[in-house]
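Contents: one structure, followed by commentary.
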Amino acid sequence: MKRTKEQELAWLRTVAGELATTTLKQLEDTLPWYGEMPPGRRSAVGLVAQNGISSFISWYDDPKSTPWIASDVFGAAPRELLRSISLQQTLQLIRVVVEVVEDRVKADNASLREAILLYSREIAFASADVYARAAEARGLWDARLEALVVDSILTGESDDELQSRIAALGWHGHGEACVLVGTSTPSVDVDQIRRTARHLGADVLIGVQGKRLVLVIGRAEPEHSSTALPSDAPEEPLSFLEIAKQLEFGFGEGQLVLGHPVDSLVDASKSARAALAGVAVARAWRNAPRPVLADDLLPERALAGDGMARRTLIERIYEPLQMHSPELLTTLWCYLDNGRSLEATARELFVHPNTVRYRLKRVSEVIGWDATGAREALILQSALIVGSIAAGNTRGRNADSPRP
């Protein structure tokens with residue numbers, strides 16, 4: 001006997017508890033991921049299923065005057081539920097609920113079955129909308145957090161929360177890191193930059209600050225065997241300079257400077273300071289490559305008043321030569337003062353030119369720079385100048401100090 005809509009509503013309210021119980025049992029029998037959940041989350045998923053049934057009854061009563069919304073179903077569940085189950089799992093949950101209700105009312109009239117199908121379709125779209133909004137909010141939050149982390153690295157304002165912020169961004173890099181600074185384009189394709197970096201075996205943090213684009217680059221070598229890189233990632237790790245060359249497309253015209261590598265992302269502020277100082281003076285090197293290493297701009301940076309550049313020149317060139325052999329230091333001075341002439345240097349030192357060649361080779365082995373190249377000769381001569389000035393100042397302070 002055909003029932004009226006009021007009778008159907010009364011019957012649905014009567015069997016709502018039974019439908020909820022059957023649904024929970026069906027979830028446990030058909031969805032493995034539901035049974036593997038902790039009790040608290042399993043209870044939350046069950047609550048969503050019960051709310052779905054209750055919301056359907058309210059909607060079936062009068063869809064126009066009491067329109068349901070997605071929050072009717074998901075509102076009672078904890079916010080963590082969206083993070084613990086995927087959209088696919090949510091759709092599986094909806095399917096189970098619909099199948100249980102359909103099976104219970106299959107012997108009744110067609111209008112109720114059509115209402116169930118319409119409701120299931122609408123709530124599936126609403127579920128997708130909930131997840132899309134959550135993903136959009138997460139994306140906006142990640143972008144703000146990433147900008148905050150990059151700004152902290154540039155300003156050197158590292159604090160105890162920097163590590164947790166980096167972890168919250170899903171940073172896959174570990175070990176060495178460095179900073180690449182250049183000009184930004186009107187529309188920076190950050191997604192393409194990330195994809196390219198990932199295929200190069202690297203991870204990047206991206207910061208756009210007006211006309212400046214900053215990339216913090218780290219190696220994305222897996223720490224555990226369960227973490228896999230893309231199949232086309234290089235077997236041998238590329239140098240940061242090689243990675244920077246591959247990421248050049250993301251920058252606009254102008255100077256592009258790569259800071260020196262540091263041991264970890266937390267120390268990246270040192271690399272950032274070097275890169276920013278290099279960008280400020282890179283135009284002074286007429287034929288500077290793109291990208292250019294900040295360490296290759298040490299003379300220009302030192303002339304511009306960069307204290308880090310002066311310390312680098314002293315610590316990496318002047319002091320190692322002075323400690324290793326004053327003879328090498330003297331030979332380098334003479335060679336550079338004589339316009340890189342072997343014969344003139346040999347005459348001044350009263351040695352054979354081959355001896356000068358040997359000593360210059362030893363200089364290159366000790367500090368890593370070759371004095372026979374024009375650009376590297378400029379770097380070495382700058383190091384000798386700032387080193388001798390610093391040594392003279394130190395001796396002057398020691399002479400002025402009162403003796404005991």
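Labeling convention for the structure tokens: chains A, B, ... as they appear, residues from 1 per chain, ligands from 1 in order of appearance.
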
Near-Arg195 in chain A list (10 Å; only C-alpha atoms; drop same-chain fewer than 5 positions) as a ChimeraX atom specification: /A:190,200,202-204,230

Helix (DSSP H, G or I) residues, from DSSP on the backbone, in range 167-276 of chain A, as an MDAnalysis selection string: chainID A and resid 167:168 190:199 240:246 248:250 265:276

Selection file, N, CA, C and O atoms, as a short mmCIF file (atom, residue, chain, number, x, y, z; two decimals), in the first residue's frame:
```cif
data_model
loop_
_atom_site.label_atom_id
_atom_site.label_comp_id
_atom_site.auth_asym_id
_atom_site.auth_seq_id
_atom_site.Cartn_x
_atom_site.Cartn_y
_atom_site.Cartn_z
N ALA A 167 59.46 22.55 8.94
CA ALA A 167 58.85 21.22 8.91
C ALA A 167 57.39 21.29 8.48
O ALA A 167 56.90 20.41 7.76
N ALA A 168 56.67 22.34 8.90
CA ALA A 168 55.26 22.48 8.54
C ALA A 168 55.08 22.68 7.04
O ALA A 168 54.03 22.35 6.49
N VAL A 190 55.85 29.65 -9.95
CA VAL A 190 56.48 28.94 -8.85
C VAL A 190 56.30 27.43 -8.98
O VAL A 190 57.17 26.66 -8.56
N ASP A 191 55.18 27.00 -9.56
CA ASP A 191 54.95 25.56 -9.71
C ASP A 191 55.98 24.94 -10.65
O ASP A 191 56.50 23.85 -10.38
N GLN A 192 56.29 25.63 -11.76
CA GLN A 192 57.28 25.11 -12.69
C GLN A 192 58.67 25.09 -12.05
O GLN A 192 59.45 24.16 -12.27
N ILE A 193 58.97 26.10 -11.25
CA ILE A 193 60.26 26.13 -10.55
C ILE A 193 60.37 24.94 -9.60
O ILE A 193 61.40 24.27 -9.53
N ARG A 194 59.30 24.66 -8.87
CA ARG A 194 59.32 23.53 -7.92
C ARG A 194 59.47 22.20 -8.67
O ARG A 194 60.21 21.32 -8.24
N ARG A 195 58.76 22.05 -9.78
CA ARG A 195 58.86 20.80 -10.54
C ARG A 195 60.27 20.59 -11.07
O ARG A 195 60.83 19.50 -10.98
N THR A 196 60.85 21.66 -11.61
CA THR A 196 62.21 21.55 -12.13
C THR A 196 63.20 21.21 -11.03
O THR A 196 64.08 20.34 -11.20
N ALA A 197 63.06 21.87 -9.88
CA ALA A 197 63.96 21.59 -8.75
C ALA A 197 63.82 20.15 -8.29
O ALA A 197 64.81 19.47 -7.99
N ARG A 198 62.59 19.66 -8.23
CA ARG A 198 62.36 18.28 -7.78
C ARG A 198 63.02 17.29 -8.72
O ARG A 198 63.60 16.29 -8.28
N HIS A 199 62.95 17.55 -10.03
CA HIS A 199 63.58 16.66 -11.00
C HIS A 199 65.10 16.75 -10.97
O HIS A 199 65.78 15.85 -11.47
N PHE A 240 75.32 23.04 -6.57
CA PHE A 240 74.32 24.09 -6.46
C PHE A 240 74.39 25.03 -7.66
O PHE A 240 73.36 25.57 -8.08
N LEU A 241 75.57 25.26 -8.22
CA LEU A 241 75.69 26.12 -9.39
C LEU A 241 74.99 25.50 -10.59
O LEU A 241 74.31 26.20 -11.35
N GLU A 242 75.10 24.18 -10.76
CA GLU A 242 74.41 23.51 -11.86
C GLU A 242 72.90 23.57 -11.67
O GLU A 242 72.14 23.76 -12.63
N ILE A 243 72.45 23.41 -10.43
CA ILE A 243 71.01 23.53 -10.15
C ILE A 243 70.53 24.95 -10.45
O ILE A 243 69.47 25.16 -11.05
N ALA A 244 71.32 25.94 -10.03
CA ALA A 244 70.94 27.35 -10.25
C ALA A 244 70.83 27.65 -11.74
O ALA A 244 69.94 28.40 -12.17
N LYS A 245 71.72 27.09 -12.56
CA LYS A 245 71.66 27.31 -14.00
C LYS A 245 70.36 26.76 -14.59
O LYS A 245 69.77 27.36 -15.49
N GLN A 246 69.90 25.62 -14.06
CA GLN A 246 68.66 25.02 -14.55
C GLN A 246 67.43 25.80 -14.09
O GLN A 246 66.37 25.72 -14.72
N GLU A 248 67.41 29.14 -13.80
CA GLU A 248 67.56 30.52 -14.25
C GLU A 248 66.32 31.03 -14.98
O GLU A 248 65.98 32.22 -14.94
N PHE A 249 65.59 30.13 -15.65
CA PHE A 249 64.43 30.53 -16.44
C PHE A 249 63.37 31.25 -15.60
O PHE A 249 62.58 32.03 -16.12
N GLY A 250 63.35 30.98 -14.29
CA GLY A 250 62.32 31.57 -13.43
C GLY A 250 62.60 33.01 -13.05
O GLY A 250 61.73 33.66 -12.44
N LEU A 265 69.71 24.32 6.54
CA LEU A 265 68.79 25.39 6.18
C LEU A 265 68.74 26.47 7.26
O LEU A 265 68.52 27.64 6.96
N VAL A 266 68.94 26.08 8.50
CA VAL A 266 68.90 27.06 9.59
C VAL A 266 70.03 28.08 9.44
O VAL A 266 69.90 29.24 9.86
N ASP A 267 71.15 27.68 8.81
CA ASP A 267 72.29 28.59 8.60
C ASP A 267 72.22 29.32 7.27
O ASP A 267 73.18 29.99 6.88
N ALA A 268 71.10 29.20 6.57
CA ALA A 268 71.01 29.77 5.22
C ALA A 268 71.08 31.29 5.21
O ALA A 268 71.30 31.89 4.16
N SER A 269 70.90 31.94 6.36
CA SER A 269 70.98 33.40 6.40
C SER A 269 72.37 33.88 5.99
O SER A 269 72.52 34.96 5.40
N LYS A 270 73.41 33.09 6.28
CA LYS A 270 74.78 33.47 5.88
C LYS A 270 74.90 33.47 4.36
O LYS A 270 75.50 34.38 3.77
N SER A 271 74.36 32.45 3.73
CA SER A 271 74.38 32.39 2.27
C SER A 271 73.53 33.51 1.67
O SER A 271 73.89 34.10 0.65
N ALA A 272 72.41 33.83 2.34
CA ALA A 272 71.54 34.90 1.85
C ALA A 272 72.23 36.26 1.92
O ALA A 272 72.13 37.06 0.98
N ARG A 273 72.95 36.53 3.00
CA ARG A 273 73.66 37.80 3.12
C ARG A 273 74.71 37.94 2.02
O ARG A 273 74.88 39.01 1.44
N ALA A 274 75.42 36.85 1.74
CA ALA A 274 76.43 36.89 0.69
C ALA A 274 75.78 37.13 -0.68
O ALA A 274 76.29 37.92 -1.49
N ALA A 275 74.65 36.46 -0.94
CA ALA A 275 73.97 36.62 -2.23
C ALA A 275 73.43 38.04 -2.39
O ALA A 275 73.54 38.64 -3.47
N LEU A 276 72.83 38.60 -1.34
CA LEU A 276 72.30 39.96 -1.41
C LEU A 276 73.41 40.98 -1.62
O LEU A 276 73.27 41.93 -2.41
#
```

Two-atom distance - CA of Leu336 in chain A, CA of Ala277 in chain A (Å): 26.3 Å

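The space between CA of Thr312 in chain A and CA of His260 in chain A spans 11.0 Å.
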
Option closest in space to Arg375 in chain A, from A:Ile206, A:Leu297, A:Ala280, A:Ala220 [counting only C-alpha atoms]: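 Comparing A:Ile206, A:Leu297, A:Ala280, A:Ala220 against Arg375 in chain A, the winner is A:Leu297.
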
All strand (DSSP E) positions in range 207-337 of chain A, as a ChimeraX atom specification: /A:207-209,212-219,257-258,292-293

Interatomic distance, CA of Arg340 in chain A to CA of Ala374 in chain A (Å, one decimal): 9.0 Å

Residues near Val363 in chain A, cut-off 12 Å, only C-alpha atoms, skip fewer than 4 positions along chain, as a PyMOL selection string: chain A and resi 316-318+320-322+324-333+335+356-359+367-372+377+380
